[in-house]
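For reference, model.csv is printed below; it contains CSV, C-alpha atoms.
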```csv
chain,number,residue,atom,x,y,z
A,1,MET,CA,-11.4,14.0,6.7
A,2,ALA,CA,-11.7,10.6,5.1
A,3,ALA,CA,-8.2,9.2,4.5
A,4,VAL,CA,-9.1,7.3,1.4
A,5,PRO,CA,-11.7,7.9,-1.2
A,6,GLN,CA,-13.9,5.1,-2.4
A,7,LYS,CA,-12.3,2.6,-4.9
A,8,ASN,CA,-13.1,2.9,-8.5
A,9,PRO,CA,-15.5,0.0,-9.2
A,10,ARG,CA,-14.2,-0.3,-12.7
A,11,GLY,CA,-10.7,-1.2,-11.5
A,12,ALA,CA,-9.4,1.5,-13.9
A,13,PRO,CA,-7.4,4.6,-13.0
A,14,HIS,CA,-9.3,7.1,-11.0
A,15,ARG,CA,-11.0,9.3,-13.6
A,16,ILE,CA,-10.8,13.1,-13.1
A,17,ALA,CA,-13.0,15.4,-15.2
A,18,VAL,CA,-11.8,19.1,-15.4
A,19,LEU,CA,-14.6,21.4,-16.3
A,20,ALA,CA,-13.4,24.3,-18.6
A,21,LEU,CA,-15.8,27.2,-18.8
A,22,PRO,CA,-15.4,30.4,-20.8
A,23,GLU,CA,-12.7,32.8,-19.7
A,24,VAL,CA,-10.9,30.0,-17.9
A,25,ILE,CA,-7.4,30.8,-16.5
A,26,PRO,CA,-5.0,28.6,-18.6
A,27,PHE,CA,-2.5,28.0,-15.8
A,28,GLU,CA,-5.2,26.8,-13.4
A,29,LEU,CA,-6.8,24.7,-16.1
A,30,SER,CA,-3.5,22.9,-16.6
A,31,ILE,CA,-2.8,22.1,-12.9
A,32,PRO,CA,-4.8,18.9,-12.6
A,33,HIS,CA,-3.2,17.5,-15.8
A,34,ARG,CA,0.3,18.4,-14.5
A,35,ILE,CA,-0.1,16.9,-11.1
A,36,PHE,CA,-2.5,13.9,-11.5
A,37,GLY,CA,-1.0,13.0,-14.9
A,38,ARG,CA,2.4,12.4,-13.2
A,39,ALA,CA,1.1,10.1,-10.5
A,40,PHE,CA,2.2,6.5,-11.0
A,41,SER,CA,2.0,3.2,-9.1
A,42,PRO,CA,5.3,1.5,-8.0
A,43,SER,CA,5.0,-0.6,-11.2
A,44,GLY,CA,4.7,2.5,-13.4
A,45,ASP,CA,1.0,2.4,-14.1
A,46,PRO,CA,-0.9,5.7,-14.2
A,47,LEU,CA,-3.1,6.2,-11.2
A,48,TYR,CA,-5.4,8.8,-12.7
A,49,GLU,CA,-7.0,9.5,-16.0
A,50,VAL,CA,-7.5,13.3,-16.5
A,51,ILE,CA,-10.1,14.5,-19.1
A,52,THR,CA,-11.0,18.0,-19.9
A,53,CYS,CA,-14.6,18.8,-20.8
A,54,THR,CA,-16.8,21.8,-21.4
A,55,ALA,CA,-20.5,22.8,-21.8
A,56,ALA,CA,-20.4,22.6,-25.6
A,57,PRO,CA,-17.4,21.0,-27.4
A,58,GLY,CA,-15.3,23.5,-29.3
A,59,PRO,CA,-13.2,26.6,-28.6
A,60,VAL,CA,-13.2,27.8,-25.1
A,61,SER,CA,-12.1,31.4,-24.4
A,62,THR,CA,-9.4,32.0,-21.8
A,63,THR,CA,-8.1,35.0,-19.9
A,64,ALA,CA,-5.0,34.9,-22.1
A,65,ASP,CA,-4.7,35.9,-25.8
A,66,PHE,CA,-5.7,32.4,-27.0
A,67,ALA,CA,-8.6,30.0,-26.8
A,68,VAL,CA,-8.3,26.2,-26.0
A,69,TYR,CA,-10.2,23.6,-28.0
A,70,VAL,CA,-12.1,21.1,-25.9
A,71,ASP,CA,-13.7,18.2,-27.7
A,72,ARG,CA,-15.4,16.5,-24.7
A,73,GLY,CA,-18.9,17.6,-23.6
A,74,PRO,CA,-20.7,17.5,-20.3
A,75,GLU,CA,-21.5,13.8,-20.5
A,76,THR,CA,-17.9,13.3,-19.4
A,77,LEU,CA,-18.9,14.5,-15.9
A,78,ALA,CA,-21.2,11.5,-15.5
A,79,GLU,CA,-18.2,9.1,-15.9
A,80,ALA,CA,-15.9,11.0,-13.4
A,81,ASP,CA,-14.8,9.9,-10.0
A,82,THR,CA,-13.6,13.4,-9.3
A,83,VAL,CA,-14.7,16.7,-10.9
A,84,ILE,CA,-12.4,19.7,-10.7
A,85,VAL,CA,-13.6,23.2,-11.5
A,86,PRO,CA,-10.7,25.7,-12.2
A,87,ALA,CA,-11.2,29.4,-12.1
A,88,ALA,CA,-13.2,30.9,-15.0
A,89,TYR,CA,-14.9,34.3,-15.2
A,90,GLU,CA,-18.0,33.5,-17.0
A,91,PRO,CA,-21.0,33.4,-16.6
A,92,PRO,CA,-21.0,37.0,-15.3
A,93,GLU,CA,-24.3,36.6,-13.4
A,94,LEU,CA,-22.5,34.1,-11.2
A,95,PHE,CA,-20.1,36.7,-9.9
A,96,ARG,CA,-22.6,39.5,-9.8
A,97,GLU,CA,-25.7,37.7,-8.4
A,98,GLY,CA,-24.5,34.3,-7.3
A,99,ARG,CA,-26.8,32.8,-10.0
A,100,LEU,CA,-26.1,30.0,-12.5
A,101,PRO,CA,-27.7,30.2,-15.9
A,102,ALA,CA,-29.9,27.2,-16.8
A,103,GLU,CA,-27.5,25.7,-19.3
A,104,ILE,CA,-24.7,25.5,-16.6
A,105,THR,CA,-27.1,24.0,-14.1
A,106,GLU,CA,-27.9,21.4,-16.7
A,107,VAL,CA,-24.2,20.7,-17.3
A,108,LEU,CA,-23.7,20.1,-13.5
A,109,GLY,CA,-26.7,17.8,-13.5
A,110,HIS,CA,-24.5,15.2,-15.2
A,111,ILE,CA,-22.4,14.8,-12.0
A,112,ARG,CA,-23.3,11.5,-10.2
A,113,PRO,CA,-24.1,11.5,-6.5
A,114,GLY,CA,-21.0,10.7,-4.5
A,115,THR,CA,-18.6,12.2,-7.0
A,116,ARG,CA,-15.7,14.0,-5.3
A,117,LEU,CA,-15.7,17.7,-6.1
A,118,ALA,CA,-12.9,20.2,-6.0
A,119,SER,CA,-12.4,23.8,-7.1
A,120,ILE,CA,-9.4,26.0,-7.8
A,121,CYS,CA,-9.6,29.7,-7.0
A,122,THR,CA,-12.9,31.2,-8.0
A,123,GLY,CA,-14.2,27.8,-9.2
A,124,SER,CA,-15.7,27.8,-5.7
A,125,PHE,CA,-18.3,30.2,-6.9
A,126,LEU,CA,-19.7,27.6,-9.2
A,127,LEU,CA,-19.8,25.0,-6.5
A,128,ALA,CA,-21.4,27.4,-4.1
A,129,ALA,CA,-24.1,28.5,-6.7
A,130,ALA,CA,-24.9,24.8,-7.3
A,131,GLY,CA,-25.4,24.2,-3.6
A,132,PHE,CA,-22.5,21.9,-3.1
A,133,LEU,CA,-20.9,24.2,-0.5
A,134,ASP,CA,-24.1,24.9,1.6
A,135,GLY,CA,-23.2,24.7,5.3
A,136,ARG,CA,-19.6,23.7,4.5
A,137,PRO,CA,-16.2,25.4,5.0
A,138,ALA,CA,-14.6,26.6,1.8
A,139,THR,CA,-12.0,29.0,0.6
A,140,THR,CA,-11.1,30.9,-2.6
A,141,HIS,CA,-8.6,33.5,-3.6
A,142,TRP,CA,-8.3,36.1,-0.8
A,143,ASP,CA,-9.4,38.9,-3.1
A,144,TRP,CA,-12.7,37.2,-3.9
A,145,ALA,CA,-13.4,35.8,-0.4
A,146,ASP,CA,-15.7,38.7,0.8
A,147,ARG,CA,-17.8,38.5,-2.4
A,148,LEU,CA,-18.1,34.7,-2.0
A,149,GLN,CA,-19.3,35.1,1.5
A,150,ARG,CA,-21.7,37.9,0.6
A,151,LEU,CA,-23.3,36.1,-2.3
A,152,PHE,CA,-23.4,32.7,-0.5
A,153,PRO,CA,-24.0,33.4,3.2
A,154,SER,CA,-24.6,29.7,4.0
A,155,VAL,CA,-20.9,28.9,3.0
A,156,ARG,CA,-18.4,29.1,5.9
A,157,VAL,CA,-15.7,31.0,4.0
A,158,ASP,CA,-12.2,31.0,5.3
A,159,PRO,CA,-10.0,33.5,3.4
A,160,ASP,CA,-6.8,32.7,5.2
A,161,VAL,CA,-6.0,29.2,4.2
A,162,LEU,CA,-4.4,27.6,1.1
A,163,TYR,CA,-7.1,24.9,0.7
A,164,ILE,CA,-9.8,23.1,2.7
A,165,ASP,CA,-10.5,19.4,2.6
A,166,ASP,CA,-14.1,18.7,3.7
A,167,GLY,CA,-14.1,15.1,2.6
A,168,ASP,CA,-15.9,14.8,-0.6
A,169,VAL,CA,-15.7,18.5,-1.4
A,170,LEU,CA,-12.4,20.4,-1.5
A,171,THR,CA,-11.6,24.0,-2.3
A,172,SER,CA,-8.4,26.0,-2.8
A,173,ALA,CA,-7.2,29.5,-3.0
A,174,GLY,CA,-5.7,30.9,-6.2
A,175,VAL,CA,-2.8,30.0,-8.5
A,176,ALA,CA,-0.2,27.9,-6.7
A,177,ALA,CA,-2.6,26.9,-4.0
A,178,GLY,CA,-4.3,24.8,-6.7
A,179,ILE,CA,-1.1,22.8,-7.0
A,180,ASP,CA,-1.0,22.3,-3.2
A,181,LEU,CA,-4.6,21.1,-3.3
A,182,CYS,CA,-4.0,18.6,-6.1
A,183,LEU,CA,-0.8,17.3,-4.4
A,184,HIS,CA,-2.9,16.9,-1.2
A,185,MET,CA,-5.4,14.9,-3.1
A,186,VAL,CA,-2.7,12.6,-4.5
A,187,ARG,CA,-1.3,12.2,-1.0
A,188,ARG,CA,-4.7,11.5,0.4
A,189,ASP,CA,-5.4,8.9,-2.3
A,190,HIS,CA,-2.0,7.2,-2.6
A,191,GLY,CA,0.2,8.3,0.2
A,192,ALA,CA,3.2,10.6,0.7
A,193,ALA,CA,5.7,8.6,-1.5
A,194,VAL,CA,3.6,9.0,-4.6
A,195,ALA,CA,2.8,12.7,-3.9
A,196,ASN,CA,6.5,13.4,-3.2
A,197,ASP,CA,7.4,11.8,-6.5
A,198,VAL,CA,4.9,13.9,-8.3
A,199,ALA,CA,6.2,17.0,-6.6
A,200,ARG,CA,9.8,16.2,-7.6
A,201,ARG,CA,8.7,15.7,-11.2
A,202,SER,CA,6.9,19.0,-11.1
A,203,VAL,CA,9.7,20.8,-9.3
A,204,VAL,CA,7.4,22.1,-6.5
A,205,PRO,CA,7.5,21.8,-2.8
A,206,PRO,CA,6.0,18.4,-1.8
A,207,HIS,CA,3.8,19.7,1.0
A,208,ARG,CA,2.3,22.9,2.2
A,209,ASP,CA,-0.4,22.3,4.8
A,210,GLY,CA,-3.8,23.6,3.9
A,211,GLY,CA,-4.0,25.6,7.1
A,212,GLN,CA,-1.2,27.8,6.1
A,213,ALA,CA,-2.1,31.4,5.3
A,214,GLN,CA,-2.5,32.7,1.8
A,215,TYR,CA,0.9,34.4,1.6
A,216,ILE,CA,-0.3,37.2,-0.7
A,217,ARG,CA,-1.9,38.8,2.4
A,218,ARG,CA,1.3,38.8,4.3
A,219,PRO,CA,4.3,41.2,3.9
A,220,VAL,CA,7.3,39.6,2.2
A,221,PRO,CA,10.4,40.2,4.3
A,222,GLU,CA,13.0,42.4,2.6
A,223,ALA,CA,16.1,40.6,1.4
A,224,ARG,CA,18.2,42.2,4.2
A,225,SER,CA,15.8,41.1,6.9
A,226,ALA,CA,16.5,38.0,9.1
A,227,THR,CA,14.3,35.0,8.3
A,228,THR,CA,13.6,31.7,10.1
A,229,SER,CA,14.9,29.4,7.3
A,230,MET,CA,18.0,28.3,9.1
A,231,ALA,CA,16.0,27.4,12.1
A,232,ARG,CA,13.6,25.3,10.0
A,233,ASP,CA,16.5,23.5,8.2
A,234,TRP,CA,18.1,22.8,11.6
A,235,ALA,CA,14.9,21.4,13.0
A,236,LEU,CA,14.2,19.2,10.0
A,237,GLU,CA,17.5,17.5,10.6
A,238,ARG,CA,16.6,16.8,14.2
A,239,LEU,CA,12.9,15.9,14.1
A,240,HIS,CA,13.7,12.8,16.1
A,241,GLU,CA,15.0,14.9,19.0
A,242,PRO,CA,13.2,17.1,21.5
A,243,ILE,CA,13.2,20.6,19.9
A,244,ARG,CA,12.5,23.6,22.1
A,245,LEU,CA,11.2,26.9,20.7
A,246,ARG,CA,14.1,28.6,22.5
A,247,ASP,CA,16.6,26.5,20.6
A,248,MET,CA,15.0,27.4,17.2
A,249,ALA,CA,15.1,31.1,18.2
A,250,GLU,CA,18.7,31.0,19.1
A,251,ARG,CA,19.6,29.6,15.7
A,252,GLU,CA,18.4,33.0,14.3
A,253,SER,CA,19.8,35.1,17.2
A,254,MET,CA,16.3,36.2,18.0
A,255,SER,CA,14.2,36.4,21.1
A,256,VAL,CA,11.5,33.8,21.4
A,257,ARG,CA,8.8,36.4,21.0
A,258,THR,CA,10.4,37.9,17.8
A,259,PHE,CA,11.2,34.5,16.4
A,260,THR,CA,7.6,33.3,16.9
A,261,ARG,CA,6.2,36.5,15.2
A,262,ARG,CA,8.6,36.3,12.3
A,263,PHE,CA,8.0,32.5,11.9
A,264,ARG,CA,4.2,33.0,11.7
A,265,ASP,CA,4.6,35.8,9.2
A,266,GLU,CA,6.7,33.7,6.9
A,267,VAL,CA,5.1,30.3,7.3
A,268,GLY,CA,1.6,31.1,8.3
A,269,VAL,CA,1.5,28.8,11.3
A,270,SER,CA,3.2,28.8,14.7
A,271,PRO,CA,6.5,26.9,15.2
A,272,GLY,CA,4.8,24.3,17.2
A,273,GLN,CA,2.2,23.6,14.5
A,274,TRP,CA,4.8,23.5,11.9
A,275,LEU,CA,6.9,21.0,13.9
A,276,THR,CA,3.8,18.8,14.3
A,277,HIS,CA,3.1,18.9,10.5
A,278,GLN,CA,6.7,18.0,9.7
A,279,ARG,CA,6.6,15.1,12.2
A,280,VAL,CA,3.4,13.8,10.8
A,281,GLU,CA,4.9,13.9,7.3
A,282,ARG,CA,8.0,12.0,8.6
A,283,ALA,CA,5.9,9.4,10.2
A,284,ARG,CA,3.9,8.9,7.0
A,285,GLN,CA,7.0,8.4,5.0
A,286,LEU,CA,8.5,5.9,7.5
A,287,LEU,CA,5.2,4.0,7.7
A,288,GLU,CA,5.0,3.7,3.9
A,289,SER,CA,8.6,3.0,3.1
A,290,THR,CA,10.1,1.0,6.0
A,291,ASP,CA,9.4,-2.0,8.2
A,292,LEU,CA,10.2,-0.2,11.4
A,293,SER,CA,7.8,-0.9,14.3
A,294,VAL,CA,5.2,1.7,15.2
A,295,ASP,CA,7.2,2.5,18.4
A,296,GLN,CA,10.4,3.1,16.4
A,297,VAL,CA,8.5,5.3,13.8
A,298,ALA,CA,7.2,7.3,16.7
A,299,ARG,CA,10.7,7.8,18.1
A,300,ASP,CA,12.3,8.6,14.7
A,301,SER,CA,9.6,11.1,13.8
A,302,GLY,CA,9.9,12.9,17.1
A,303,PHE,CA,6.6,11.9,18.7
A,304,GLY,CA,8.4,9.9,21.4
A,305,THR,CA,5.7,7.4,22.0
A,306,ALA,CA,3.4,5.3,19.8
A,307,GLN,CA,0.4,6.7,21.7
A,308,SER,CA,1.4,10.3,21.0
A,309,MET,CA,1.9,9.5,17.3
A,310,ARG,CA,-1.4,7.7,17.1
A,311,GLN,CA,-3.2,10.7,18.5
A,312,HIS,CA,-1.6,13.1,16.0
A,313,LEU,CA,-2.2,10.8,13.0
A,314,GLN,CA,-5.8,10.2,14.1
A,315,THR,CA,-6.3,14.0,14.2
A,316,VAL,CA,-4.6,14.8,10.9
A,317,LEU,CA,-5.3,11.7,8.8
A,318,GLY,CA,-8.3,10.2,10.5
A,319,VAL,CA,-6.7,6.7,10.8
A,320,ALA,CA,-4.3,4.8,13.1
A,321,PRO,CA,-0.7,4.2,12.1
A,322,THR,CA,-1.2,0.5,11.4
A,323,VAL,CA,-4.2,1.2,9.2
A,324,TYR,CA,-2.3,3.9,7.3
A,325,ARG,CA,0.6,1.5,6.8
A,326,ARG,CA,-1.6,-1.3,5.4
A,327,THR,CA,-3.3,1.2,3.0
A,328,PHE,CA,-0.2,3.0,1.7
A,329,ARG,CA,2.7,0.6,1.8
A,330,ALA,CA,5.1,1.4,-1.1
A,331,ASP,CA,5.0,-2.2,-2.3
A,332,GLY,CA,1.2,-2.2,-2.5
A,333,ALA,CA,-0.9,0.1,-4.6
A,334,GLY,CA,-3.1,2.8,-3.1
A,335,VAL,CA,-6.6,3.3,-4.1
A,336,THR,CA,-7.8,3.6,-7.7
```
Target encoding structure tokens, full file:
Amino acid sequence: MAAVPQKNPRGAPHRIAVLALPEVIPFELSIPHRIFGRAFSPSGDPLYEVITCTAAPGPVSTTADFAVYVDRGPETLAEADTVIVPAAYEPPELFREGRLPAEITEVLGHIRPGTRLASICTGSFLLAAAGFLDGRPATTHWDWADRLQRLFPSVRVDPDVLYIDDGDVLTSAGVAAGIDLCLHMVRRDHGAAVANDVARRSVVPPHRDGGQAQYIRRPVPEARSATTSMARDWALERLHEPIRLRDMAERESMSVRTFTRRFRDEVGVSPGQWLTHQRVERARQLLESTDLSVDQVARDSGFGTAQSMRQHLQTVLGVAPTVYRRTFRADGAGVT
């Protein structure tokens, strides 16, 4: 995964075009505006410009009992640095046969080479039909994953994740996973501090790792059932300390085996994977917001040594700690 997208040569805010097609889901159409529209630099300047467009300007039908009026046409796509395709349920031949009508193919022809692409939910069908997902990993809403794989066998469909970042092409599962994907893109572009601020403004969790399972496929524990939330809260307060699986299990009065199974059911990853994700996030925040040495950041985030932290950040972010710090310091702007 590339840690930073290419800079906008215009020096203007990163321009995002959201493509609204007939029978678009209103909630998912609004996600990019809600998330990217609330991302600001330390000096208060907007970091993104979000523009909605459609194949032919005018009313666009939705899955609700109202239409939305879109006054921008497909030429907007040619000016975009990122194009996002939210879920829409037309054209029908796309979902029956995996085929795009000529007019939609013509619309997509406006996208410049090198433009970053993203889809929310079944927007992945359009990217797949246009060939953007050939040979790539991708996801979609779990209920549509089998159909996506059947219609587009060259796509490596993973139905069990919230989103997939494949560099210049990103895909997400349905509904709230679209929020996770957009926050991930803000974090990738401008760092954890900006993404966390957007999350606070939107009253949503600041980070759910893309590898987490789509929760809809997992049973929700009954209210009377024991959960692992106390253990997670306890661990978050002690990330700088060695944390054993046994210690976390004891917090919930469970055996290690039961705790591990319950944790994976609730969170979608193992306790060890979750701890690593949390420590990476802690390290990112410290690198962005403090002048602590790399050795001290490694200790405070629980990695122990700079070498261990460097290996984990390289795996997750694709960059070394010092490079990340130079790119995402809070007193310097991220990319545009």
Item checked: Among the residues A:Leu117, A:Val316, A:Ala249, A:Leu162, the one that comes closest to Gly178 (chain A) [using only C-alpha atoms] -> A:Leu162
Next item on the list: Tell me which of A:Arg232, A:Arg264, A:His240, A:Arg38 sits closest to Glu252 (chain A), counting all atoms listed in the file.
Entry: A:Arg232
Next item on the list: Calculate how many Å separate CA of Ala78 (chain A) from CA of Leu170 (chain A), rounding to one decimal.
Entry: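 Taking CA of Ala78 (chain A) as the start and CA of Leu170 (chain A) as the end point, the length is 18.8 Å.
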Note to self: Between CA of Asn196 (chain A) and CA of Glu288 (chain A), what is the distance in Å, rounded to a tenth?
What the structure shows: 12.1 Å
Check: Which residues come within 10 Å of Ala235 (chain A), counting all atoms listed in the file, excluding same-chain residues fewer than 4 positions away, as JSON, numbers by chain?
Finding: {"A": [229, 230, 231, 239, 240, 241, 242, 243, 244, 247, 248, 251, 275, 278]}
Item checked: Shell around Pro59 (chain A) at 8 Å using only C-alpha atoms, local window under 4 positions removed, as a PyMOL selection string -> chain A and resi 67-70
Notebook entry, point to check: CA of Ala56 (chain A) and CA of Gly98 (chain A) are how many Å apart?
Noted result: 22.1 Å
Notebook entry, point to check: With all atoms listed in the file as the atoms that count, which of A:Met185, A:Ala118, A:Val60, A:Val280 lies nearest to Gln314 (chain A)?
Noted result: A:Val280
Next item on the list: May I ask which of the residues A:Arg15, A:Asp300, A:Ser43, A:Ser293 is the closest one to Arg279 (chain A), counting all atoms listed in the file?
Entry: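 For Arg279 (chain A), the nearest of the candidates is A:Asp300.
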Next item on the list: Find the residues near Phe36 (chain A): any atom within 8 Å, counting only C-alpha atoms, skip ones fewer than 2 places away on the same chain, and give them as a VMD selection string.
Entry: chain A and resid 32 to 34 38 to 39 47 to 50 182 186
Next item on the list: Would you list the residues near (-19.4, 25.5, -16.5), meaning any protein, DNA or RNA residue with an atom at most 7 Å from that point in file coordinates, counting only C-alpha atoms, as number ranges by chain?
Entry: A: 19-21, 54-55, 104, 107
Next item on the list: Excluding Leu151 (chain A) and any residue of its chain fewer than 5 positions from it, enumerate the residues within 10 Å of it, using all atoms listed in the file, and give them as a ChimeraX atom specification.
Entry: /A:94-99,125,128-129,146
Item checked: Counting all atoms listed in the file, the option among A:Pro86, A:Pro271, A:Pro92, A:Gly109 closest to Ile31 (chain A) ->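 The closest residue to Ile31 (chain A) is A:Pro86.
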Since the input has fewer atoms than a full residue there, write region 241-255 of chain A out with N, CA and C atoms, as a PDB file, keeping the file's coordinate frame.
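Below you can see rebuild-v3.pdb, which holds the result:
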```pdb
ATOM      1  N   GLU A 241      14.592  14.414  17.675  1.00  0.00           N
ATOM      2  CA  GLU A 241      15.000  14.900  19.000  1.00  0.00           C
ATOM      3  C   GLU A 241      14.009  15.872  19.561  1.00  0.00           C
ATOM      4  N   PRO A 242      14.019  16.066  20.876  1.00  0.00           N
ATOM      5  CA  PRO A 242      13.200  17.100  21.500  1.00  0.00           C
ATOM      6  C   PRO A 242      13.686  18.489  20.939  1.00  0.00           C
ATOM      7  N   ILE A 243      12.792  19.316  20.457  1.00  0.00           N
ATOM      8  CA  ILE A 243      13.200  20.600  19.900  1.00  0.00           C
ATOM      9  C   ILE A 243      12.388  21.689  20.670  1.00  0.00           C
ATOM     10  N   ARG A 244      13.128  22.564  21.319  1.00  0.00           N
ATOM     11  CA  ARG A 244      12.500  23.600  22.100  1.00  0.00           C
ATOM     12  C   ARG A 244      12.412  24.900  21.213  1.00  0.00           C
ATOM     13  N   LEU A 245      11.384  25.670  21.463  1.00  0.00           N
ATOM     14  CA  LEU A 245      11.200  26.900  20.700  1.00  0.00           C
ATOM     15  C   LEU A 245      12.427  27.828  20.974  1.00  0.00           C
ATOM     16  N   ARG A 246      12.954  27.800  22.174  1.00  0.00           N
ATOM     17  CA  ARG A 246      14.100  28.600  22.500  1.00  0.00           C
ATOM     18  C   ARG A 246      15.311  28.225  21.612  1.00  0.00           C
ATOM     19  N   ASP A 247      15.479  26.924  21.389  1.00  0.00           N
ATOM     20  CA  ASP A 247      16.600  26.500  20.600  1.00  0.00           C
ATOM     21  C   ASP A 247      16.466  26.968  19.133  1.00  0.00           C
ATOM     22  N   MET A 248      15.249  26.947  18.602  1.00  0.00           N
ATOM     23  CA  MET A 248      15.000  27.400  17.200  1.00  0.00           C
ATOM     24  C   MET A 248      15.302  28.942  17.164  1.00  0.00           C
ATOM     25  N   ALA A 249      14.845  29.671  18.161  1.00  0.00           N
ATOM     26  CA  ALA A 249      15.100  31.100  18.200  1.00  0.00           C
ATOM     27  C   ALA A 249      16.539  31.466  18.234  1.00  0.00           C
ATOM     28  N   GLU A 250      17.292  30.697  19.025  1.00  0.00           N
ATOM     29  CA  GLU A 250      18.700  31.000  19.100  1.00  0.00           C
ATOM     30  C   GLU A 250      19.449  30.753  17.830  1.00  0.00           C
ATOM     31  N   ARG A 251      18.955  29.849  16.995  1.00  0.00           N
ATOM     32  CA  ARG A 251      19.600  29.600  15.700  1.00  0.00           C
ATOM     33  C   ARG A 251      19.519  30.895  14.841  1.00  0.00           C
ATOM     34  N   GLU A 252      18.535  31.720  15.045  1.00  0.00           N
ATOM     35  CA  GLU A 252      18.400  33.000  14.300  1.00  0.00           C
ATOM     36  C   GLU A 252      18.777  34.191  15.076  1.00  0.00           C
ATOM     37  N   SER A 253      19.348  33.954  16.274  1.00  0.00           N
ATOM     38  CA  SER A 253      19.800  35.100  17.200  1.00  0.00           C
ATOM     39  C   SER A 253      18.611  36.016  17.438  1.00  0.00           C
ATOM     40  N   MET A 254      17.447  35.440  17.708  1.00  0.00           N
ATOM     41  CA  MET A 254      16.300  36.200  18.000  1.00  0.00           C
ATOM     42  C   MET A 254      15.728  35.854  19.384  1.00  0.00           C
ATOM     43  N   SER A 255      14.961  36.761  19.959  1.00  0.00           N
ATOM     44  CA  SER A 255      14.200  36.400  21.100  1.00  0.00           C
ATOM     45  C   SER A 255      13.091  35.443  20.741  1.00  0.00           C
TER      46      SER A 255
END
```
